Structure formats: structure tokens, C-alpha cells
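Participant: I am attaching a structure below and will ask some questions about it afterwards.
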Amino acid sequence: MDMENIQRLIARDLLKIRAVFFRPEEPFTWASGILSPVYCDNRLTLTDVAVRTDVEESLAQVIKTEYPEVEVLMGTSTAGIAHAAITGHLMGLPMGYVRSGAKDHGRQNQIEGRLEPGQKVVVIEDLISTGGSVLEVVQVLRDAGAEVLGIASIFTYGMQKGIDRLAAAGVRNVSLTNFDTIAREAAAAGYIKPEDIQPLIAFRNNPSDSSWMK
């Protein structure tokens, strides 16, 4: 399956299981403080067997195609862990994950699982908005001596801040689907009205401009 068809498939899957919420009249507040008319909860993919299969098989295909030299998958904590484990199983690859901070007990690990210096790693993330959290994971892996080939994520908003941050860090991201595709598929399926697409794109292009609320 080519990338365009993967993007449409995963967008439809996320909409079908109501993993994407549209609420412009009562915006969601992200952890970063951004007010958003849309919220994507990719954790719901784990509880739908058919959608989970689409996601993991698509991740495996994308990684094989885009990062053929990969030796280890590393999930972000916590949302990327299960996807890294399942995809790693499908691909016959070792996996681990990176904690948001080092443990305060035991071996005080921040990286869980065996990682040798020089190993080629792909980071598995569920969602990318401004890119800050996934880049922290990339830096932890780089500090441990890994060669981070890039990121494979389920969904990206495509926000300019995130694009700029990834570019500045020299990190590539390949997402199974994206904000624009989900907006188009949502309108086509009747989840939103066609005229709702432009305000959603306006939000994505400039989250600090609240004119989309009007």
C-alpha cells in the first residue's frame, strides 16, 4: 500500500473508533496550554483489534520502507510503548522504551531495554504536535550513543513549530496520517461540515491566532 492510501486508511480508522474529537465550540486544552478545536486519542487504537492491526502493520511497512537499516525500536513513554512492542514483534526486532525521567530506584534507568552504542534506532510515537516531548526522547537516545534514524508516528498535526523543531534537531518524522487528511476524511464521512475544514486548517497553521473560534 502506498503512503497516500495508508494516510487515508488510518484517518478513516481513527474517525471510525472516535479517536478524533472535534469540539470547536468548547476547545480542548493541551498540556502545552494550546486551545484546540480537535483532540486525537490514539490510545483507543489498542482496544480495537482491526484498527490496531492496521496501525501496527502500517508502522511495520513504513519503517521497512523509510528506515531499512533499523536495528531497534524505542517507544515513547507511555503512548508509544505498546506500538513499539507490537511492531517490533511483527518485524522481528528488539524494542525498548524511554521514560520521561530516570527512575529514582533500582538501576535508575531512563532507557528501558538493552541498547548498545551505535545501534540504529527508530522512535515510535503516537502523536506529534509541537514536537517537544519526542525530541527529548531522541536526545536521551543520542546521549546514550544510539544513531537515531528518525521517528515513525501514528498522527501528526503538521504544526510549523513542530516541523521547525524537528528540522533544527536533524530528525526525520514519518506519520501514518496527518491533520489535513483527517479533516478531509471527516468532512467526506459527515463527521464535520465541509465549511469546517478551513477553520481547522487555520488553527493548525497558527494555534496562537484564536480567530478560528469565530
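Here, A, B, ... name the chains of the C-alpha cells in the order displayed, residue numbers run from 1 inside each chain, and ligands are numbered from 1 in the same displayed order.
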Give me the residues near A:Ala79 as JSON, numbers by chain, where near means some atom within 10 Å (using only C-alpha atoms) and where sequence neighbours in that chain fewer than 2 positions away do not count.
Facilitator: {"A": [41, 42, 43, 75, 76, 77, 81, 82, 83, 84, 124, 125, 126, 127]}
Participant: List every residue of stretch 39-58 of chain A that has an atom at most 12 Å from any atom of stretch 91-102 of chain A, and for each one report the closest atom pair and its distance in Å to one decimal, counting only C-alpha atoms, with rows sorted by chain and then by increasing residue number, as a tab-separated table.
Facilitator:
```
residue	atom	partner	partner_atom	distance
A:Glu56	CA	A:Met91	CA	9.9
A:Glu57	CA	A:Met91	CA	9.3
A:Ser58	CA	A:Met91	CA	11.4
```
Participant: Those same residues, written as a PDB file, in the first residue's frame with N, CA, C and O atoms?
Facilitator:
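So the final result, stored in result.pdb, reads:
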```pdb
ATOM      1  N   GLU A  56      -0.411  -1.213  13.342  1.00  0.00           N
ATOM      2  CA  GLU A  56       0.884  -1.882  13.533  1.00  0.00           C
ATOM      3  C   GLU A  56       1.461  -2.383  12.209  1.00  0.00           C
ATOM      4  O   GLU A  56       2.674  -2.284  11.974  1.00  0.00           O
ATOM      5  N   GLU A  57       0.608  -2.907  11.329  1.00  0.00           N
ATOM      6  CA  GLU A  57       1.106  -3.369  10.033  1.00  0.00           C
ATOM      7  C   GLU A  57       1.579  -2.185   9.185  1.00  0.00           C
ATOM      8  O   GLU A  57       2.569  -2.311   8.451  1.00  0.00           O
ATOM      9  N   SER A  58       0.896  -1.058   9.305  1.00  0.00           N
ATOM     10  CA  SER A  58       1.321   0.136   8.567  1.00  0.00           C
ATOM     11  C   SER A  58       2.631   0.685   9.121  1.00  0.00           C
ATOM     12  O   SER A  58       3.513   1.107   8.351  1.00  0.00           O
TER      13      SER A  58
END
```
Participant: Please list as JSON, numbers by chain every residue within 10 Å of A:Ser36, counting only C-alpha atoms and excluding residues in the same chain fewer than 3 positions away.
Facilitator: {"A": [22, 23, 24, 26, 27, 28, 29, 30, 33, 39, 200, 203, 204, 207, 208, 210, 212, 213]}
Participant: If you keep N, CA, C and O atoms, can you produce a file of those selected residues as a compact mmCIF listing (two decimals), in the first residue's frame?
Facilitator:
```txt
# COMPACT_ATOMS: atom_id res chain seq x y z
N PHE A 22 -13.90 16.45 17.54
CA PHE A 22 -14.00 17.82 17.04
C PHE A 22 -14.93 18.60 17.97
O PHE A 22 -16.09 18.25 18.13
N ARG A 23 -14.39 19.67 18.57
CA ARG A 23 -15.19 20.44 19.53
C ARG A 23 -14.80 21.92 19.48
O ARG A 23 -14.30 22.47 20.45
N PRO A 24 -15.01 22.57 18.34
CA PRO A 24 -14.60 23.98 18.23
C PRO A 24 -15.37 24.91 19.16
O PRO A 24 -14.85 25.96 19.55
N GLU A 26 -16.21 24.25 22.20
CA GLU A 26 -15.68 24.09 23.55
C GLU A 26 -14.27 23.51 23.44
O GLU A 26 -14.06 22.32 23.62
N PRO A 27 -13.28 24.33 23.11
CA PRO A 27 -11.94 23.85 22.78
C PRO A 27 -11.29 23.02 23.90
O PRO A 27 -11.53 23.25 25.08
N PHE A 28 -10.49 22.07 23.47
CA PHE A 28 -9.68 21.28 24.39
C PHE A 28 -8.44 22.09 24.78
O PHE A 28 -7.94 22.88 23.98
N THR A 29 -7.94 21.87 25.98
CA THR A 29 -6.69 22.49 26.41
C THR A 29 -5.61 21.42 26.45
O THR A 29 -5.72 20.45 27.20
N TRP A 30 -4.59 21.58 25.61
CA TRP A 30 -3.48 20.63 25.61
C TRP A 30 -2.56 20.89 26.80
O TRP A 30 -2.64 21.92 27.46
N GLY A 33 -0.87 24.08 26.93
CA GLY A 33 -1.69 25.26 27.13
C GLY A 33 -2.42 25.72 25.89
O GLY A 33 -3.28 26.62 25.95
N TYR A 39 -9.05 16.99 19.19
CA TYR A 39 -8.21 16.20 20.09
C TYR A 39 -8.13 14.79 19.53
O TYR A 39 -9.15 14.22 19.11
N LEU A 200 -10.32 24.65 10.84
CA LEU A 200 -9.41 23.66 11.42
C LEU A 200 -7.99 23.85 10.89
O LEU A 200 -7.01 23.80 11.66
N PHE A 203 -6.41 26.88 12.46
CA PHE A 203 -5.87 26.57 13.78
C PHE A 203 -4.51 25.89 13.66
O PHE A 203 -3.55 26.27 14.34
N ARG A 204 -4.44 24.88 12.80
CA ARG A 204 -3.18 24.14 12.64
C ARG A 204 -2.05 25.07 12.19
O ARG A 204 -0.92 24.98 12.67
N PRO A 207 -1.85 28.22 15.82
CA PRO A 207 -2.65 27.95 17.02
C PRO A 207 -2.82 29.16 17.94
O PRO A 207 -3.77 29.23 18.69
N SER A 208 -1.88 30.11 17.86
CA SER A 208 -1.97 31.28 18.75
C SER A 208 -3.00 32.29 18.27
O SER A 208 -3.38 33.20 19.01
N SER A 210 -6.63 33.02 17.62
CA SER A 210 -7.90 32.42 18.02
C SER A 210 -9.05 32.77 17.08
O SER A 210 -10.21 32.50 17.40
N TRP A 212 -10.02 31.32 14.56
CA TRP A 212 -10.76 30.13 14.12
C TRP A 212 -11.98 29.88 15.01
O TRP A 212 -12.94 29.25 14.60
N MET A 213 -11.96 30.40 16.25
CA MET A 213 -13.09 30.20 17.15
C MET A 213 -14.34 30.93 16.68
O MET A 213 -15.44 30.61 17.09
```
Participant: In Å, rounded to a single decimal, give me how far atom CA of A:Asp180 is from atom CA of A:Tyr157.
Facilitator: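 Straight-line distance from atom CA of A:Tyr157 to atom CA of A:Asp180 works out to 8.0 Å.
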Participant: List the neighbours of A:Leu15 out to 12 Å using only C-alpha atoms; skip same-chain residues closer than 6 positions along the sequence, and give me the result as a ChimeraX atom specification.
Facilitator: /A:8-9,21-22,38-42,44-45,51,177,179,181-192
Participant: Can you pull out every residue from stretch 89-193 of chain A that DSSP, working from the backbone, puts in alpha helix (DSSP H), and format the result as a VMD selection string?
Facilitator: chain A and resid 89 to 91 132 to 143 160 to 169 179 to 188
Participant: Using only C-alpha atoms, can you tell me which of A:His89, A:Gly158, A:Leu149, A:Leu35 comes closest to A:Asp209?
Facilitator: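 For A:Asp209, the nearest of the candidates is A:Leu35.
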Participant: What's the separation between atom CA of A:Val140 and atom CA of A:Leu176, in Å to one decimal place?
Facilitator: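 Between these atoms lies a distance of 24.2 Å.
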Participant: Report as a VMD selection string all protein, DNA and RNA residues lying within 9 Å of A:Lys161, evaluated on only C-alpha atoms, omitting residues in the same chain fewer than 4 positions from it.
Facilitator: chain A and resid 129 to 131 165 to 166
Participant: Give the strand (DSSP E) residues of stretch 12-195 of chain A, as assigned by DSSP on the backbone, as number ranges by chain.
Facilitator: A: 20-22, 28-29, 35-36, 38-40, 72-76, 95-98, 111-112, 120-128, 147-156, 173-178
Participant: Counting only C-alpha atoms, figure out which residue out of A:Glu147, A:Asp13, A:Glu4, A:Asp54 gets nearest to A:Gly170.
Facilitator: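 Comparing A:Glu147, A:Asp13, A:Glu4, A:Asp54 against A:Gly170, the winner is A:Glu147.
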Participant: For A:Tyr67, which of A:Ala50, A:Met1, A:Ala19, A:Ile151 is the closest residue, counting only C-alpha atoms?
Facilitator: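 Among the listed residues, A:Ile151 lies closest to A:Tyr67.
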Participant: Report the distance between atom CA of A:Val72 and atom CA of A:Val121 in Å, rounded to one decimal place.
Facilitator: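 Interatomic distance here is 4.9 Å.
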